[in-house]
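In what follows, a single structure is set out as structure tokens and then discussed.
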Amino acid sequence: MAKIVIDGKEYEVDPNNNLLQECLSQGLDLPYFCWHPCMGSVGACRQCAVKQYRDENDETGTIVMACMTPATDGAIISIDDEQAHDMRERVIESLMISHPHDCPVCEEGGECHLQDMTLMSGHNYRRYDKKKVTHRNQYLGPFINHEMNRCITCYRCVRYYDDYAGGTDLSAQASHHHTYFGRHEEGVLESEFSGNLVEVCPTGVFTDKPFSEHYTRKWDLQAAPSVCVGCSVGCNTTPGERYGTLRRIVNRYNSEVNGYFLCDRGRFGWDHVNSEERINAPAVVSNGQFSELNDAEVQQLLTDLRSGDAIAIGSPRASNESNYAMRCLVGVDNFYAGVSDREHDANKLMLQLHRDSAFNIPSVRDIEKADAVLIVGEDVTNTAPRIALALRQSVRNKASELAAENNIPGWQDAAVRELAQHNRSPLFILSNAATRLDDVAVDTTTGSYADQARIAYAVANAIAGQSNDDLGLSDSAQSLVETISQALKSAKRPLIVTGSSNGEAELIKAAANVARALKSDTPTDLCLIVPEVNTLGLEMLTQVDHKLGVALSKCAAGEVNKLVVLENDLYRRAATADVDAALAKVENVIVLDQMPTATTAQANYVLPVTAFSEHEATYVNYEGRAQLSFQVHRTRTGAMPAWRWLSDGKDDVNTIINRCSEEASDFGHLDDLVPHLSQFAAGLKIPRQSHRYSGRTAMIANLNVHEPKQPIDDESVMSFSMEGMPSMKDASILGTTWAPSWNSNQSISKFQEEVNGELKQGHTGTLLISEKSDAGSFFEPALSETSSADQLALSWAFQIFGSDELSAKSSAIQARMTDAYVGLSPADAERLEIKQGQPVTIDGGATAIACVREQVAEGNCIVYCGEQLNPNDFGSSVAIAKSDSSAGDRGIAGLIVSDLLEESY
Amino acid sequence: MSTQVIASTKNRARQLTEEEIAEIEHEKTLYPDNQAVGLEALKIVQKYQGWVSDESLLAIADYLDLSAADLEGVATFFNLVYRQPVGKNVILFCNSVSCWICRCDDIKDHISKKLDIDFGQTTEDDEFTFIPVPCLGDCDNAPVMMVGDDLHRNLTPEKVDEIITQYRNKSA
Amino acid sequence: MSRPPLEIAAYEANDGYQSVHKIAGGLSANDVLDTIKGSGLKGRGGAGFPTGLKWSFVPQGENSPEQKYLVVNADEMEPGTFKDRLLMEGDPHLLLEGMIIAAYTIGASKAYIFLRGEYTTSVRTLKNAIAEAYDKGYLGKNILNTGFDLDIILHTSAGRYICGEETALLNALEGKRANPRAKPPFPQVSGLWGKPTIVNNVETICNLPGILTYGIDWYKGLGQGADAGTKLFGVSGRVKNPGCWEMPLGVSIRELLEGKAGGMQDGLGLKAFLPGGGSTDFMLPEHLDIALDYDEIAKVGSRLATGTMIILDDQTCPVGMVGNLMKFFAHESCGFCTPCRDGLPWVDTIFREFEEGRGSEKDLQILREHVDYMGPGRTFCALAPGATAPLGSGLKYFEDDFKAHIKQKRCPYKH
């Protein structure tokens, strides 16, 4: 620690940081633009000017940029100094020269860092009376608006998009006061993390396009802390609602999970909530047609439903509460996994690894600390995108190391990058095709699942000093194994990443072996990614042998009278024929879901359930972290949370959470998440509406000018109104961030213990799986080879836009989706006389588009996983053939992969 | 290391010529990475094509595995990379301080009138493009300008007339 | 006017490459460093930093990066500056010999000449000279059996004034946008491609062979004042005989202006002058007897900088002259930091309005504020502070002219 003096007052600070960061950590107001808490300093905007004095006797001092000056012990600075204040006023005056002052029509208005900093810097009269510089805007795709005239040239966008997120299609162009930020030509921004530009840009150059289609000011959004349901990372979000429709999602800081950033699936994959297709009321289904039930019929249905004698299938996209209520209703012996059998086995295997003391399951922040990484078979960018962004940061640890050796402070962002050049911490990838992290990887080796697992097993052996003779590796594979094992062994904090998306247990076992071989005094970081938001929660509630296949067999055998399916489309979980056979035999199939699916079409009854923003719920993320997601708004439909349909109607969500916490093993700490009003000032609730919420009277003014009474939320600690204790500094629940003078998301520093630290509120979630044992041992390889002359070994291709069920029903995501495709090696494509982009059939049935990719290994094919194809219909190898029929109207032109074969495209 | 580019953008690139490729390959031996070669390649392509078209830019990005956006950022930064078509002869006219003191504005007006173009414009016959350039470092011979690779000193309206005729004749 | 550049044989006959033979004879890198330090040579690019001291910051020894670079800044773009062109067109081997000395001293096996793209004659002379030097074994592998390797690569810039700033130059050489870099870290520690790098001006490098061949005492004896050696001094503007001459540091300005440049053209009087290029403060006729050395000129609030004077005569509008410079600086701003990027165009616009008779007291006040706002320490690099030199001194010395523009609503120098 160091001591510095700011305006005569002494502060304890971290000398490894710069003055700006430390000023903000101390809660002081100092304006800035180009600096970002996790991107460091470059000294471009000159907005954070302060006066620094040599010593106590120095009365003149010099103007320095706080962001570019280390917080050295003994430093004496002044923020209030007149010259420093003048400098900041001049800077903001300069920045505003060509700014259009179009706040009333700008989406950023009301949460604009530029507005805040303009006021803070004391600029309130425009002296500039000359011509402004104007720019042309670009079309940047369905997610982002571009309005360059608002730009203040802080360079944050390109520093985030290129340097931080690894994007290659956004750059600074031209120069002097004509500097422009855009693509080399109009087109879709390629990065999967482009949406963060909306929050990184301090003003309204990059704004949220789906939001602007039904725009509402930040202060008029009803908002609450939520958790993204797009994958298993569980990023924290703040959705905003107005007039009964969900309007947008923004990031909500969680120091351990998502920090400041979301992926584009999470940010833009929400408008299925507003869908016209939502199931509106309980219905009876006949020939796929829904007919609403009257009240009496609904009561009868519910009474029947709750009477027992049913079996149930749970859901990885439903909350713990709904799954648990379902399990309570039918009994644990009648509760079955709602995932494919292969995935269930893989998930159960991973749960076993969670409890193994050899491993530490890393948080996203932990992942960023890794200094050597091996990814085994999981296409992280497409299955758990936020983790891919974290892995991209992990390769920079080498740069930090080099910087430290050369006495360059880590926050000197440009200098550290220049010093490091292409020196990166090693990242190795085993995959079935090129991945979106290949540009920062030492090596990406592609092959079948067995090929990938073989190399991982061999790496484990090499690290443990065991022979690899049995594995039959080629010379090149052997040398790769040497390289990987050396890199992992010499790392201080190695990390192994794998997952169950493929349902390939061998990949997980091989990855676990590597991690186990690396274990020293401390457990090895082993990241085990599961496919969906609550896969782990579901699996923790499901017995090992209660696979979906067992349930379906029972149904098909006529042993089941009543089947309840919770928020699940079984046609994505098991072979079509098996599901058909099962559903045909059950007299009463009751499906609870938000939207019609292939399964609801086969149901006898459907019950509408609420979407993620319409209920309070808990989910368990990939690391076993349970997080609470609040209800944001009331549903417009007749939906209820599934647990409410299933219980006797008297329970509230807290009761369910408490019961689950008491009764379900591993869920003991779930109730830690639930806040109690007694903790709050004067027992006041937290308002979902900001203290500036306006226009309530106007909402239905076309019908009635009298303001309706706000609904009461008697279950939650939050209220559906402005009343209560707003999310200020010491509030326990942080919905929308706002602090006096800080209306934008940059106000987050006011809520952090220190910049980049934990929130003062705590609430990083609760790790449920805390008990560990050291019973584990190395797995024996059980590699099955699929080789056949006319068949190709199959593996899955996931897409961030399309492979997730609910986000794929959102219009912005649909604009980025492709048709189902089959990835082929150039050699196989040639042999099969298949051209890039041609329709093909899989096993003579389903159609897809051929996508010839250079990195797909010969003898393999990778099949798109999404709604258009049921992946469970295919075996471990398939026959691919040319087809005449068309596969859809989207094509694959929007596919962003680096190994697409060019010639024939 | 590879950048990740949508295939459809690569598709719009033109084919680099053999001469261009040979020169780019030579530059590769002089610099440790392709980013440095990128700027050289822009100059090489411009030498042969007169300017850097979108198709040329994409071709270089593709050939050197660079991001087209980054390359555009570089191309638009430097004064001597032309992203718009130019005439056969580019007039780089010094209008910095020493030439200004020596009344280069009069010479500039003379050229503008004679060729009927202002700074940034090209004559209708595509013979001349007229561009101002920062100090050409020949201040003891002010006013000066370059036409193509040749420096012309101590300019007077009469001398300018001669020079223009000379270049017109050359291409005729 | 233009004589052919010295061929290598002629250059050698005039003691050329003697220093390289001395190195081959056993002169160690440390010996050279001591000699250069002892000579008192200061950088001739503008800042006047001691060359030997700069070199000594390059990390040496086993733990230092193996690859080090020498970069010669031949991006002569300072308005009114035309000295490096003379050296490269007239005596290219002098530059190469100096580069060999510098590279040998710092342990660089690769050296780049960052040459202005518009210097097409220099491209030809340097290319020839480099080829000759390779032929003679002064460049390439194992130079004169010393075990020392050096490759010199001629890089022509795509043109930006900011490339004269050494860190921006490094970015340009790496094929990036030429924004300057933060210092620290200095290029000596982390420069070109993150490796230790020395960037020296052409003229600085050209001083090296003489120092090594003829010794410290000879070199120091050349200067007439406090500073050692000679320097190229230029005079441009409406004088009788504009040109560039090598003269001892310490001669008087009058000697240069009246002795060499022949004084003002007939009918013109001396109004003021910039002593060392476009980013130095104006000096007045009363300063003519001041010595041309770094400290003496600093005493009257200006800088020797490049040593190439721009003369303002009494028939030329001083407001217009400053305006011309502001237009240049505004255009050449890289666009990275705010005061430079957005301050200079505002200043430029105000000057254009003065020119057109629309200047106001309010605008004059804004100009004054910008002198501080864009001054040293406020901006990311020295470009805008350089612009404030003629701007600030111009506002001070030519206040009457500014006011006359406002009052007459036109430029009083235009008839």
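Please note that chains go A, B, ... in the order of the structure tokens, that every chain numbers its residues from 1, and that ligands are numbered from 1 in the order shown.
Excluding stretch 32-36 of chain B itself and same-chain residues fewer than 4 positions from it, the residues having an atom within 9 Å of it are Glu27, Lys28, Glu40, Ala41, Leu64, Asp65, Leu66 and Leu71 of chain B; Ala172, Leu173, Glu174, Gly175, Lys176 and Trp193 of chain C, counting only C-alpha atoms.
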inquiry  = At a cut-off of 8 Å, which residues of chain A touch chain B? Count only C-alpha atoms and give the answer as a ChimeraX atom specification.
reply    = /A:168-175,182-184,190,436,438-441,893-898,900,902,905
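DSSP annotation of chain B from backbone atoms: strand (DSSP E) residues are Asn89, Val90, Ile91, Leu92, Phe93, Cys94, Gln121, Thr122, Phe128, Thr129, Phe130, Ile131, Pro132, Val133, Met145, Met146, Val147, Asp150, Leu151 and His152 of chain B.
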Could you write out that same residue set with C-alpha atoms as a short mmCIF file (atom, residue, chain, number, x, y, z; two decimals), in the first residue's frame?
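The result, stored in again-v5.cif:
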```cif
data_model
loop_
_atom_site.label_atom_id
_atom_site.label_comp_id
_atom_site.auth_asym_id
_atom_site.auth_seq_id
_atom_site.Cartn_x
_atom_site.Cartn_y
_atom_site.Cartn_z
CA ASN B 89 0.26 12.98 -62.96
CA VAL B 90 -0.18 13.91 -59.35
CA ILE B 91 0.86 17.46 -58.57
CA LEU B 92 2.02 17.68 -54.96
CA PHE B 93 1.96 21.36 -54.32
CA CYS B 94 3.84 22.68 -51.30
CA GLN B 121 -9.57 17.49 -57.86
CA THR B 122 -8.56 15.82 -61.10
CA PHE B 128 -3.52 15.94 -63.46
CA THR B 129 -4.60 15.62 -59.85
CA PHE B 130 -3.84 18.61 -57.68
CA ILE B 131 -2.99 17.94 -54.02
CA PRO B 132 -1.45 20.20 -51.38
CA VAL B 133 1.47 18.67 -49.55
CA MET B 145 6.01 21.39 -56.22
CA MET B 146 6.39 17.81 -57.33
CA VAL B 147 4.84 16.28 -60.39
CA ASP B 150 10.09 15.08 -60.10
CA LEU B 151 10.68 18.17 -58.04
CA HIS B 152 10.17 21.57 -59.66
#
```
Contacts from chain B to chain C, 8 Å maximum, only C-alpha atoms: show me the residue list as a PDB file with C-alpha atoms, in the first residue's frame.
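This went into selection36.pdb:
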```pdb
ATOM      1  CA  LEU B  30      12.692  -6.918 -44.791  1.00  0.00           C
ATOM      2  CA  GLN B  35       1.473  -5.770 -40.639  1.00  0.00           C
ATOM      3  CA  ALA B  36       4.549  -3.762 -41.629  1.00  0.00           C
ATOM      4  CA  VAL B  37       4.415  -5.271 -45.094  1.00  0.00           C
ATOM      5  CA  GLY B  38       0.784  -4.146 -45.383  1.00  0.00           C
ATOM      6  CA  LEU B  39       1.695  -0.481 -45.645  1.00  0.00           C
ATOM      7  CA  GLU B  40       4.460  -1.311 -48.124  1.00  0.00           C
ATOM      8  CA  LYS B  43       2.448   1.677 -51.859  1.00  0.00           C
ATOM      9  CA  GLY B  73      -7.224   2.468 -41.044  1.00  0.00           C
ATOM     10  CA  VAL B  74      -3.617   2.648 -42.197  1.00  0.00           C
ATOM     11  CA  PHE B  77      -4.098   7.719 -42.288  1.00  0.00           C
ATOM     12  CA  PHE B  78      -1.216   8.487 -44.611  1.00  0.00           C
ATOM     13  CA  ASN B  79      -1.159  11.411 -47.029  1.00  0.00           C
ATOM     14  CA  LEU B  80       0.473   9.549 -49.899  1.00  0.00           C
ATOM     15  CA  VAL B  81      -1.888   6.580 -50.103  1.00  0.00           C
ATOM     16  CA  SER B  96       3.757  25.311 -46.221  1.00  0.00           C
ATOM     17  CA  VAL B  97       5.220  28.330 -44.586  1.00  0.00           C
ATOM     18  CA  SER B  98       8.362  29.139 -46.624  1.00  0.00           C
ATOM     19  CA  CYS B  99       6.594  28.656 -49.919  1.00  0.00           C
ATOM     20  CA  TRP B 100       3.661  30.669 -48.600  1.00  0.00           C
ATOM     21  CA  ILE B 101       5.961  33.559 -47.718  1.00  0.00           C
ATOM     22  CA  CYS B 102       7.351  33.302 -51.238  1.00  0.00           C
ATOM     23  CA  PRO B 134       3.239  19.651 -46.340  1.00  0.00           C
ATOM     24  CA  CYS B 135       6.649  21.301 -46.690  1.00  0.00           C
ATOM     25  CA  LEU B 136       8.709  19.528 -49.350  1.00  0.00           C
ATOM     26  CA  GLY B 137      11.984  20.404 -47.664  1.00  0.00           C
ATOM     27  CA  ASP B 138      13.338  22.520 -50.470  1.00  0.00           C
ATOM     28  CA  CYS B 139      12.574  25.859 -48.885  1.00  0.00           C
ATOM     29  CA  ASP B 140      15.590  27.686 -50.306  1.00  0.00           C
ATOM     30  CA  ASN B 141      14.044  27.149 -53.739  1.00  0.00           C
ATOM     31  CA  ALA B 142      10.503  28.152 -52.812  1.00  0.00           C
ATOM     32  CA  ASP B 149       8.575  11.840 -58.841  1.00  0.00           C
ATOM     33  CA  ASP B 150      10.086  15.080 -60.098  1.00  0.00           C
TER      34      ASP B 150
END
```
request  = Output the contact residues of chain A with respect to chain C at a cut-off of 6 Å, based on only C-alpha atoms, as a PyMOL selection string.
outcome  = chain A and resi 44-45+94+175-177+418-419
request  = Looking only at alpha helix (DSSP H) from DSSP on the backbone, list the matching residues of chain B as number ranges by chain.
outcome  = B: 7-10, 18-28, 34-49, 54-64, 68-75, 97-101, 104-115, 157-171
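Distances from C:Asn207, C:Thr197, C:Asn14, C:Asn128 to C:Ser39 were compared using only C-alpha atoms, and the smallest one belongs to C:Asn207.
Taking atom CA of A:Asp873 and atom CA of A:Gly823 as the two end points, the separation is 17.3 Å.
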ask   = Counting only C-alpha atoms, which of C:Leu95, C:Leu87, C:Leu364, C:Val199 gets nearest to C:Leu70?
value = C:Val199
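Residues lying within 9 Å of stretch 165-171 of chain B, counting only C-alpha atoms and ignoring same-chain neighbours fewer than 3 positions away, are Lys88, Asn89, Glu127, Val147, Val160, Asp161 and Glu162 of chain B.
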